[in-house]
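Notes follow the structure.
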Amino acid sequence: MRNILRKNLQTSITMILCGICSVLVINSQPSAGKRTAEVKSKDNTNAIPVYGHWKNFTTKDGLPNNHAYCVRIDGKRVLVGTHEGMAVYEDGKWTNYTTKDGLAHNGVVSIDVSELTGDVWIGTLGGLTRWSAGKFETFNQLNSGLPNDLVYCVYCDGKDIWTATGGGAGHYDTYSKQWEIFTEKNAPMHEPWTYGVSAGDGKVYIAAWGGGIIEYTYKTKQFKDYTDPDGEMEIDLLPDDGPVHDITTGTAYADGMLWVSSYFGFCSYDGTHWKGYFDHDSGLASNFINFVRAKGPVVFICSDKGLSSTNGKSWVTYKKNDNNSDGLTIIKNYARNDDSTVVHTTKEIPSSPSIAHNFIIGVDADDNYLWVATEGGVSRGELLK
Amino acid sequence: MKPAFKIITIILLGLIFHVSFLNGQDKQEKQDKQNKKVNYGKAPDEIFPYDKFVKPYKYHFLIPLTFNGAGRELKAPVDLKEVRLGFLGPLSGSIMVPQGKQMLQGATLATEEANKRGGYKGLPYKLMIHNDVGAWGAAANEVVKMDDEKVWAFVGSIDDIVSHVALRAALKLEIFMVCTGDPDPTFTETNIPWTLRVISDDRQGIYALINQIYKKDGHSRVAIIRTGARYGRVAFKIFSENATRVSHPIIIEERFADGETDFKSQLERIMVTNPDAILIWGNAKESALILKQARTIGLKQPVYGSDRMVNPEFLKIAGNLAEGIVTTCQYNPDSDNPKLKVFKASYLKRFGQEPDVFAAHAYDGTNLLIEAINKAGLNRVLIRDLLTDRKTFQGYEGVTGKIVLDQSWNEIRDIYIAKVNNGKFDFTPAPPMDLKQKSFSTTGNY
């Protein structure tokens, strides 16, 4: 009797413990079916470039101000917008330009270069300036159709120049020399204040404050808006249901993928599906994102806590230490499962020095270098082979 | 033996369930509560978006943002002759000019009094006055001018479109903005760590009205007539959503343009719906005209309104018809607060008129800025850090009452119900919203 009881008891305890173990295992380690493809590939970091050997530039090196708003690579030279003027890096030297040279305002917050003409378009705190053949020409509210003198972003798309301003989006056709202004009156914007613009594949994507993303199609001249489906400011109801928030700060388009930044997180849209990224479920350095730029399959994300880059699968983040000039390059493979649990792998590589500052406002990359505009100067990283 | 085996198994299972599952559940609930201590905007659970159905993937505004940029290391300039504060308000070209003038007077009085106390280490404070003209985009240019003028921080504005545009520019230029007159909830919902607001927002006013209209006064079929301006659009969205959440969707929404004087067609459409209460959301003049015309065509229902009714112009135009009108106010202008009494007397002496809500809050906001500069010194980031630490100025006693900032630096102190009685508004604290005691309809599918 006792033996039977003991045996039954042992069997029941064993079964229960096995059951508990299996529950714990299932909860802590997602099944193979649940895992996403990127997590299976542990060495997926080769898919995105990693930069290092940082060189930092400040006023000591010739910048007009350490508060750098933007950076744009233009062939062999690099254009940097700062609070006190534009700086051009060429042949190892910086040359500065201010209102004395013809800039609309010394606060240069956005720069783009026309692939068609080579003209440099400069968005400033006091108007839009075209730098062409050595001459500066200014467009403002009084002498042109520029919607507002505070130009947060300028984007060259062939003959078309797009601006995101404090009073709407502006479109300048350099062939017809005609301006168009898009506000809440003629586009599906909730408000006319806009902060970012990019274009590709016949479409323009405007980051509209409070209005999500406004898509404009050249061919049909039609607009379409993408907003956060939950419609609430204080929450994001579901992670991948659309833009993470209606207040957007920038857009970037490349390789058929739209990337959208906000002060609430980050998201991407492949034309069919939206995917949201937050600092708690991805390699994103911070949810507060100032600017975004895409190069091929990789997007660079300028946040207040460092620079992140991703291809949607792997993440590389560059962060400076608080107490010295060194920092870390953090490589992560993050993935969110269907049940919202998160799995990841992390690799940290020390860098000495690191980027100039963690508050990143602008970025640009070419085949060999990554240039970063920060609040503490400009940084240049070399592609690590 | 089988029964004994069953009993032991049940006991063991019970223990295991109790320890692992129930404890886990408790732990999760505790964690949830910790993560979400108080709903954003002091919203009761019953009306928090989607709260009855699903836990949101991400909550915003529950943890204050830090500013991680540079600038704290910058030394104060040594050759200053004055310490400049910016002012942004509607001073011409806007329907809000009377309110803008009051706002400027409130800021001016605070600045003059600070200078009498010695200014900033002997340097006088100077208001750099900017007119936002109530137009889109203009405010952005004015904030850029303030940066060029080297202001240390600024107060502004009233109009929500202006305030939003100014705030984005304030972030770009890193100048702290103290909002003293714009009650648009979305202003602080931009997640920009370069502002705080010293006036309660429309979210608080609307929650109080929802409580008053549906719970206290027992109405269920409410019609809304509101301005088509952003002020009305944002407020309508919040009111309408929350009315629906307490099981009483708005039965009709009518709009009007600012400056409109004939509301007959909108009111006739409302009349057809036979509401049991009407909510008017607009500026004082239009609200008074709507009230008069509503009574003229036979709409006798109780009328509620936005806080902009709390204005002498409303009482003057509406006359006796204003009796019994209920709205909200961000503070109690008749309070026994000694600071308020001194302020009202000084204001009357200096400007020859009674201060309004915008004057009082501009006075508080400007005083807050001045005190922050006196403590932090001439450094924009350090001024920002002090104003947003939610310690130094949390509970600050102003003429409008105690300032209570939430994690998004939005003023969330208790507000007042304002009811017209014998030709003047009476102010009483808005009762707390306790929807759990209300038997709302619970039938139907969820």
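Chain labels run A, B, ... following the order of the structure tokens; each chain numbers its residues from 1, and ligands are numbered from 1 in the order shown.
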Which chain A residues are at most 6 Å from chain B (counting only C-alpha atoms), as a VMD selection string?
chain A and resid 166 to 167 234 to 238 304 359 375
Please run DSSP on the backbone and report, as a ChimeraX atom specification, all residues within segment 282-325 of chain B that come out as helix (DSSP H, G or I).
/B:284-296,307-309,312-322
List every residue of segment 123-251 of chain A that DSSP, applied to the backbone of this structure, places in strand (DSSP E), and write the result as number ranges by chain.
A: 123-124, 127-132, 135-139, 151-157, 160-165, 168-173, 178-182, 194-200, 203-208, 212-217, 222-226, 235-236, 248-251
Need to verify the contact set: Ile73 of chain A, 8 Å, only C-alpha atoms, exclusion of same-chain residues closer than 6 positions in sequence. Can you return it as a compact mmCIF listing (two decimals) with N, CA and C atoms, in the first residue's frame?
# COMPACT_ATOMS: atom_id res chain seq x y z
N LEU A 79 29.34 69.37 -46.34
CA LEU A 79 28.68 70.62 -45.95
C LEU A 79 28.04 70.43 -44.58
N ASP A 364 24.95 61.74 -42.48
CA ASP A 364 25.03 61.38 -43.90
C ASP A 364 26.14 60.34 -44.06
N ALA A 365 26.02 59.51 -45.08
CA ALA A 365 27.01 58.46 -45.28
C ALA A 365 27.30 58.29 -46.76
N ASP A 366 28.54 57.90 -47.05
CA ASP A 366 28.85 57.46 -48.42
C ASP A 366 29.52 56.09 -48.32
N TRP A 371 29.24 60.68 -41.55
CA TRP A 371 29.38 62.00 -40.94
C TRP A 371 28.17 62.26 -40.04
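Across B:Asp406, B:Asp336, B:Glu371, B:Asp258, the tightest approach to Thr388 of chain B is made by B:Asp406 when counting only C-alpha atoms.
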Selected residue of minimal separation from Glu84 of chain A among A:Tyr69, A:Phe264, A:Tyr277, A:Phe139, counting only C-alpha atoms
A:Tyr69
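In terms of minimum interatomic distance to Thr108 of chain B, B:Ile129 ranks closest within B:Ile129, B:Ala418, B:Val381, B:Leu387, counting only C-alpha atoms.
By chain and then residue number, the residues within 12 Å of Pro98 of chain B are Gly89, Pro90, Leu91, Ser92, Gly93, Met103, Leu104, Gln105, Ile158, Asn283, Ala284, Lys285, Asn311, Pro312, Glu313, Gln353, Pro355, Asp356, Val357, Phe358 and Ala359 of chain B, counting only C-alpha atoms and disregarding those fewer than 5 positions away in sequence.
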Write out the residues from the selection above, keeping N, CA and C atoms, as a PDB file, in the first residue's frame.
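Saved the output as part-v1.pdb:
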ATOM      1  N   GLY B  89       2.539  86.862 -27.832  1.00  0.00           N
ATOM      2  CA  GLY B  89       1.093  86.892 -27.625  1.00  0.00           C
ATOM      3  C   GLY B  89       0.395  87.636 -28.739  1.00  0.00           C
ATOM      4  N   PRO B  90      -0.933  87.485 -28.808  1.00  0.00           N
ATOM      5  CA  PRO B  90      -1.698  88.181 -29.848  1.00  0.00           C
ATOM      6  C   PRO B  90      -1.908  89.645 -29.489  1.00  0.00           C
ATOM      7  N   LEU B  91      -1.227  90.516 -30.164  1.00  0.00           N
ATOM      8  CA  LEU B  91      -1.294  91.946 -29.826  1.00  0.00           C
ATOM      9  C   LEU B  91      -1.914  92.777 -30.944  1.00  0.00           C
ATOM     10  N   SER B  92      -1.992  92.213 -32.136  1.00  0.00           N
ATOM     11  CA  SER B  92      -2.731  92.853 -33.229  1.00  0.00           C
ATOM     12  C   SER B  92      -3.011  91.803 -34.289  1.00  0.00           C
ATOM     13  N   GLY B  93      -4.037  92.063 -35.093  1.00  0.00           N
ATOM     14  CA  GLY B  93      -4.349  91.144 -36.190  1.00  0.00           C
ATOM     15  C   GLY B  93      -4.953  89.833 -35.765  1.00  0.00           C
ATOM     16  N   MET B 103      -2.631  89.518 -21.153  1.00  0.00           N
ATOM     17  CA  MET B 103      -1.480  88.633 -20.930  1.00  0.00           C
ATOM     18  C   MET B 103      -0.191  89.446 -20.842  1.00  0.00           C
ATOM     19  N   LEU B 104      -0.056  90.380 -21.754  1.00  0.00           N
ATOM     20  CA  LEU B 104       1.146  91.228 -21.749  1.00  0.00           C
ATOM     21  C   LEU B 104       1.216  92.052 -20.465  1.00  0.00           C
ATOM     22  N   GLN B 105       0.076  92.550 -20.028  1.00  0.00           N
ATOM     23  CA  GLN B 105       0.066  93.347 -18.791  1.00  0.00           C
ATOM     24  C   GLN B 105       0.471  92.499 -17.587  1.00  0.00           C
ATOM     25  N   ILE B 158      -1.529  82.261 -26.413  1.00  0.00           N
ATOM     26  CA  ILE B 158      -2.917  81.875 -26.120  1.00  0.00           C
ATOM     27  C   ILE B 158      -3.452  80.937 -27.203  1.00  0.00           C
ATOM     28  N   ASN B 283     -15.282  81.302 -28.431  1.00  0.00           N
ATOM     29  CA  ASN B 283     -14.876  82.511 -27.719  1.00  0.00           C
ATOM     30  C   ASN B 283     -16.101  83.188 -27.084  1.00  0.00           C
ATOM     31  N   ALA B 284     -15.829  84.169 -26.210  1.00  0.00           N
ATOM     32  CA  ALA B 284     -16.886  84.775 -25.394  1.00  0.00           C
ATOM     33  C   ALA B 284     -18.001  85.387 -26.236  1.00  0.00           C
ATOM     34  N   LYS B 285     -17.629  86.137 -27.242  1.00  0.00           N
ATOM     35  CA  LYS B 285     -18.633  86.864 -28.021  1.00  0.00           C
ATOM     36  C   LYS B 285     -19.560  85.893 -28.761  1.00  0.00           C
ATOM     37  N   ASN B 311     -15.788  85.613 -18.966  1.00  0.00           N
ATOM     38  CA  ASN B 311     -15.273  86.826 -19.566  1.00  0.00           C
ATOM     39  C   ASN B 311     -16.362  87.893 -19.462  1.00  0.00           C
ATOM     40  N   PRO B 312     -16.017  89.119 -19.094  1.00  0.00           N
ATOM     41  CA  PRO B 312     -17.043  90.182 -18.979  1.00  0.00           C
ATOM     42  C   PRO B 312     -17.838  90.365 -20.268  1.00  0.00           C
ATOM     43  N   GLU B 313     -17.199  90.133 -21.411  1.00  0.00           N
ATOM     44  CA  GLU B 313     -17.880  90.310 -22.691  1.00  0.00           C
ATOM     45  C   GLU B 313     -19.057  89.333 -22.820  1.00  0.00           C
ATOM     46  N   GLN B 353      -7.676  98.270 -14.986  1.00  0.00           N
ATOM     47  CA  GLN B 353      -8.699  97.267 -15.257  1.00  0.00           C
ATOM     48  C   GLN B 353      -8.447  96.019 -14.420  1.00  0.00           C
ATOM     49  N   PRO B 355      -7.746  92.166 -13.741  1.00  0.00           N
ATOM     50  CA  PRO B 355      -7.025  91.133 -14.517  1.00  0.00           C
ATOM     51  C   PRO B 355      -7.964  89.992 -14.905  1.00  0.00           C
ATOM     52  N   ASP B 356      -7.749  89.430 -16.082  1.00  0.00           N
ATOM     53  CA  ASP B 356      -8.510  88.236 -16.460  1.00  0.00           C
ATOM     54  C   ASP B 356      -7.641  86.988 -16.271  1.00  0.00           C
ATOM     55  N   VAL B 357      -8.149  85.864 -16.728  1.00  0.00           N
ATOM     56  CA  VAL B 357      -7.447  84.594 -16.526  1.00  0.00           C
ATOM     57  C   VAL B 357      -6.070  84.595 -17.213  1.00  0.00           C
ATOM     58  N   PHE B 358      -5.979  85.277 -18.349  1.00  0.00           N
ATOM     59  CA  PHE B 358      -4.710  85.280 -19.086  1.00  0.00           C
ATOM     60  C   PHE B 358      -3.681  86.187 -18.402  1.00  0.00           C
ATOM     61  N   ALA B 359      -4.162  87.288 -17.805  1.00  0.00           N
ATOM     62  CA  ALA B 359      -3.254  88.177 -17.071  1.00  0.00           C
ATOM     63  C   ALA B 359      -2.687  87.454 -15.844  1.00  0.00           C
TER      64      ALA B 359
END
In Å, how far is it from atom CA of Lys215 of chain B to atom CA of Val246 of chain B?
9.4 Å
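Atom CA of Leu370 of chain A is positioned 7.0 Å from atom CA of Tyr51 of chain A.
Closest approach to Thr261 of chain B among B:Val326, B:Ile278, B:Met177, B:Ile290 is made by B:Ile290 (distances from only C-alpha atoms).
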Val113 of chain A surroundings by only C-alpha atoms, 12 Å radius, close-in-sequence under 5 positions cut, as a list in words
Val71, Arg72, Ile73, Asp74, Gly75, Arg77, Val78, Leu79, Gly118, Asp119, Val120, Trp121, Ile122, Gly123, Thr129, Arg130, Trp131, Ser132, Val154, Tyr155, Cys156, Asp157, Gly158, Lys159, Asp160, Ile161 and Trp162 of chain A
Dump of N, CA and C atoms for the selected residues, as an mmCIF file, in the first residue's frame:
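Just written: part04.cif:
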data_model
loop_
_atom_site.group_PDB
_atom_site.id
_atom_site.type_symbol
_atom_site.label_atom_id
_atom_site.label_comp_id
_atom_site.auth_asym_id
_atom_site.auth_seq_id
_atom_site.Cartn_x
_atom_site.Cartn_y
_atom_site.Cartn_z
ATOM 1 N N VAL A 71 24.354 67.694 -41.739
ATOM 2 C CA VAL A 71 25.576 67.409 -42.497
ATOM 3 C C VAL A 71 25.178 66.740 -43.809
ATOM 4 N N ARG A 72 25.884 67.133 -44.892
ATOM 5 C CA ARG A 72 25.585 66.558 -46.202
ATOM 6 C C ARG A 72 26.893 66.332 -46.955
ATOM 7 N N ILE A 73 27.071 65.112 -47.432
ATOM 8 C CA ILE A 73 28.264 64.802 -48.221
ATOM 9 C C ILE A 73 27.988 65.191 -49.668
ATOM 10 N N ASP A 74 28.921 65.931 -50.267
ATOM 11 C CA ASP A 74 28.758 66.372 -51.655
ATOM 12 C C ASP A 74 30.050 66.055 -52.403
ATOM 13 N N GLY A 75 30.152 64.802 -52.850
ATOM 14 C CA GLY A 75 31.369 64.382 -53.523
ATOM 15 C C GLY A 75 32.541 64.368 -52.565
ATOM 16 N N ARG A 77 33.593 66.972 -50.911
ATOM 17 C CA ARG A 77 33.458 67.937 -49.809
ATOM 18 C C ARG A 77 32.266 67.572 -48.924
ATOM 19 N N VAL A 78 32.282 68.143 -47.723
ATOM 20 C CA VAL A 78 31.202 67.888 -46.765
ATOM 21 C C VAL A 78 30.658 69.225 -46.291
ATOM 22 N N LEU A 79 29.340 69.371 -46.335
ATOM 23 C CA LEU A 79 28.681 70.617 -45.947
ATOM 24 C C LEU A 79 28.044 70.427 -44.576
ATOM 25 N N GLY A 118 23.905 70.173 -59.244
ATOM 26 C CA GLY A 118 24.996 70.396 -58.301
ATOM 27 C C GLY A 118 24.749 71.578 -57.376
ATOM 28 N N ASP A 119 23.623 72.251 -57.549
ATOM 29 C CA ASP A 119 23.292 73.375 -56.665
ATOM 30 C C ASP A 119 23.112 72.881 -55.229
ATOM 31 N N VAL A 120 23.537 73.724 -54.297
ATOM 32 C CA VAL A 120 23.343 73.404 -52.888
ATOM 33 C C VAL A 120 22.150 74.206 -52.377
ATOM 34 N N TRP A 121 21.192 73.514 -51.784
ATOM 35 C CA TRP A 121 20.008 74.170 -51.223
ATOM 36 C C TRP A 121 20.119 74.146 -49.703
ATOM 37 N N ILE A 122 19.981 75.325 -49.120
ATOM 38 C CA ILE A 122 20.284 75.485 -47.697
ATOM 39 C C ILE A 122 19.047 75.992 -46.963
ATOM 40 N N GLY A 123 18.514 75.170 -46.078
ATOM 41 C CA GLY A 123 17.372 75.587 -45.259
ATOM 42 C C GLY A 123 17.877 76.250 -43.992
ATOM 43 N N THR A 129 18.157 79.233 -49.022
ATOM 44 C CA THR A 129 19.216 79.792 -49.860
ATOM 45 C C THR A 129 19.674 78.767 -50.889
ATOM 46 N N ARG A 130 19.829 79.240 -52.145
ATOM 47 C CA ARG A 130 20.428 78.376 -53.168
ATOM 48 C C ARG A 130 21.856 78.853 -53.401
ATOM 49 N N TRP A 131 22.779 77.927 -53.329
ATOM 50 C CA TRP A 131 24.195 78.236 -53.568
ATOM 51 C C TRP A 131 24.550 77.601 -54.902
ATOM 52 N N SER A 132 24.702 78.454 -55.889
ATOM 53 C CA SER A 132 24.910 77.956 -57.242
ATOM 54 C C SER A 132 26.004 78.760 -57.920
ATOM 55 N N VAL A 154 15.038 70.616 -46.231
ATOM 56 C CA VAL A 154 14.984 70.815 -47.687
ATOM 57 C C VAL A 154 15.426 69.524 -48.350
ATOM 58 N N TYR A 155 14.745 69.177 -49.461
ATOM 59 C CA TYR A 155 15.047 67.910 -50.152
ATOM 60 C C TYR A 155 14.989 68.137 -51.660
ATOM 61 N N CYS A 156 16.060 67.763 -52.344
ATOM 62 C CA CYS A 156 16.112 67.905 -53.801
ATOM 63 C C CYS A 156 15.701 66.582 -54.440
ATOM 64 N N ASP A 157 14.721 66.649 -55.318
ATOM 65 C CA ASP A 157 14.254 65.454 -56.016
ATOM 66 C C ASP A 157 14.192 65.784 -57.511
ATOM 67 N N GLY A 158 15.311 65.602 -58.179
ATOM 68 C CA GLY A 158 15.372 66.004 -59.586
ATOM 69 C C GLY A 158 15.239 67.511 -59.716
ATOM 70 N N LYS A 159 14.328 67.945 -60.547
ATOM 71 C CA LYS A 159 14.127 69.389 -60.728
ATOM 72 C C LYS A 159 13.288 69.997 -59.601
ATOM 73 N N ASP A 160 12.736 69.160 -58.755
ATOM 74 C CA ASP A 160 11.818 69.617 -57.702
ATOM 75 C C ASP A 160 12.535 69.793 -56.362
ATOM 76 N N ILE A 161 12.285 70.943 -55.765
ATOM 77 C CA ILE A 161 12.848 71.221 -54.442
ATOM 78 C C ILE A 161 11.690 71.264 -53.450
ATOM 79 N N TRP A 162 11.787 70.442 -52.425
ATOM 80 C CA TRP A 162 10.736 70.374 -51.405
ATOM 81 C C TRP A 162 11.267 70.940 -50.089
#
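Atom to atom, atom CA of Thr227 of chain A and atom CA of Met189 of chain A stand 10.1 Å apart.
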Would you list the contacts of Val342 of chain B as a PyMOL selection string, taking every protein, DNA or RNA residue within 12 Å and counting only C-alpha atoms, but skipping same-chain residues closer than 6 positions in sequence?
chain B and resi 109+335-336+348-349+355+360+398-400
Create the file for the chosen residues now, containing N, CA and C atoms and written as an mmCIF file, in the first residue's frame.
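Final output, saved to again32.cif:
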data_model
loop_
_atom_site.group_PDB
_atom_site.id
_atom_site.type_symbol
_atom_site.label_atom_id
_atom_site.label_comp_id
_atom_site.auth_asym_id
_atom_site.auth_seq_id
_atom_site.Cartn_x
_atom_site.Cartn_y
_atom_site.Cartn_z
ATOM 1 N N LEU B 109 3.743 93.392 -15.403
ATOM 2 C CA LEU B 109 3.699 93.652 -13.960
ATOM 3 C C LEU B 109 4.724 92.786 -13.226
ATOM 4 N N SER B 335 -10.867 83.901 -5.129
ATOM 5 C CA SER B 335 -10.242 83.193 -4.001
ATOM 6 C C SER B 335 -9.749 84.164 -2.930
ATOM 7 N N ASP B 336 -9.643 83.651 -1.704
ATOM 8 C CA ASP B 336 -9.113 84.463 -0.601
ATOM 9 C C ASP B 336 -7.586 84.472 -0.570
ATOM 10 N N LEU B 348 -4.872 96.493 -10.989
ATOM 11 C CA LEU B 348 -5.875 97.546 -11.195
ATOM 12 C C LEU B 348 -5.221 98.924 -11.139
ATOM 13 N N LYS B 349 -4.330 99.074 -10.189
ATOM 14 C CA LYS B 349 -3.637 100.364 -10.034
ATOM 15 C C LYS B 349 -2.749 100.659 -11.246
ATOM 16 N N PRO B 355 -7.746 92.166 -13.741
ATOM 17 C CA PRO B 355 -7.025 91.133 -14.517
ATOM 18 C C PRO B 355 -7.964 89.992 -14.905
ATOM 19 N N ALA B 360 -3.581 86.783 -15.114
ATOM 20 C CA ALA B 360 -3.150 86.119 -13.878
ATOM 21 C C ALA B 360 -2.141 85.002 -14.157
ATOM 22 N N GLY B 398 1.303 80.420 -6.705
ATOM 23 C CA GLY B 398 1.125 81.607 -7.526
ATOM 24 C C GLY B 398 -0.166 82.307 -7.177
ATOM 25 N N VAL B 399 -0.478 83.355 -7.901
ATOM 26 C CA VAL B 399 -1.738 84.055 -7.634
ATOM 27 C C VAL B 399 -2.932 83.218 -8.102
ATOM 28 N N THR B 400 -2.676 82.284 -9.013
ATOM 29 C CA THR B 400 -3.761 81.432 -9.497
ATOM 30 C C THR B 400 -3.896 80.158 -8.676
#
Mind checking which residues fall within 9 Å of Ala294 of chain B, counting only C-alpha atoms, ignoring those fewer than 2 positions away in the same chain, and posting them as a short mmCIF file (atom, residue, chain, number, x, y, z; two decimals) with N, CA and C atoms, in the first residue's frame?
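Wrote it out as result.cif, contents follow:
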data_model
loop_
_atom_site.label_atom_id
_atom_site.label_comp_id
_atom_site.auth_asym_id
_atom_site.auth_seq_id
_atom_site.Cartn_x
_atom_site.Cartn_y
_atom_site.Cartn_z
N PHE B 263 -26.28 82.28 -36.18
CA PHE B 263 -26.14 80.85 -35.92
C PHE B 263 -27.46 80.10 -36.08
N LYS B 264 -28.39 80.76 -36.77
CA LYS B 264 -29.76 80.23 -36.85
C LYS B 264 -29.79 78.82 -37.45
N LEU B 267 -28.47 76.18 -35.10
CA LEU B 267 -29.34 75.98 -33.94
C LEU B 267 -30.64 75.27 -34.32
N GLU B 268 -31.12 75.57 -35.52
CA GLU B 268 -32.34 74.88 -35.97
C GLU B 268 -32.09 73.38 -36.16
N MET B 271 -32.13 71.90 -32.80
CA MET B 271 -33.50 71.84 -32.27
C MET B 271 -34.22 70.57 -32.71
N LEU B 289 -23.67 85.19 -28.25
CA LEU B 289 -24.63 85.33 -29.35
C LEU B 289 -25.38 84.03 -29.61
N ILE B 290 -24.67 82.92 -29.52
CA ILE B 290 -25.31 81.61 -29.72
C ILE B 290 -26.37 81.39 -28.63
N LEU B 291 -25.99 81.72 -27.40
CA LEU B 291 -26.93 81.56 -26.29
C LEU B 291 -28.21 82.38 -26.54
N LYS B 292 -28.03 83.63 -26.93
CA LYS B 292 -29.18 84.50 -27.17
C LYS B 292 -30.07 83.95 -28.29
N THR B 296 -33.91 82.48 -28.36
CA THR B 296 -34.88 83.14 -29.24
C THR B 296 -35.69 82.13 -30.05
N ILE B 297 -35.02 81.08 -30.53
CA ILE B 297 -35.76 80.11 -31.35
C ILE B 297 -36.44 79.04 -30.50
N GLY B 298 -36.29 79.14 -29.19
CA GLY B 298 -37.04 78.23 -28.33
C GLY B 298 -36.26 77.10 -27.72
N LEU B 299 -34.96 77.13 -27.85
CA LEU B 299 -34.14 76.11 -27.18
C LEU B 299 -33.99 76.51 -25.71
N LYS B 300 -34.68 75.78 -24.85
CA LYS B 300 -34.71 76.14 -23.43
C LYS B 300 -33.80 75.24 -22.58
#
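Nearest residue to Glu82 of chain B among B:Leu279, B:Leu369, B:Val404, B:Leu378 is B:Leu378, counting only C-alpha atoms.
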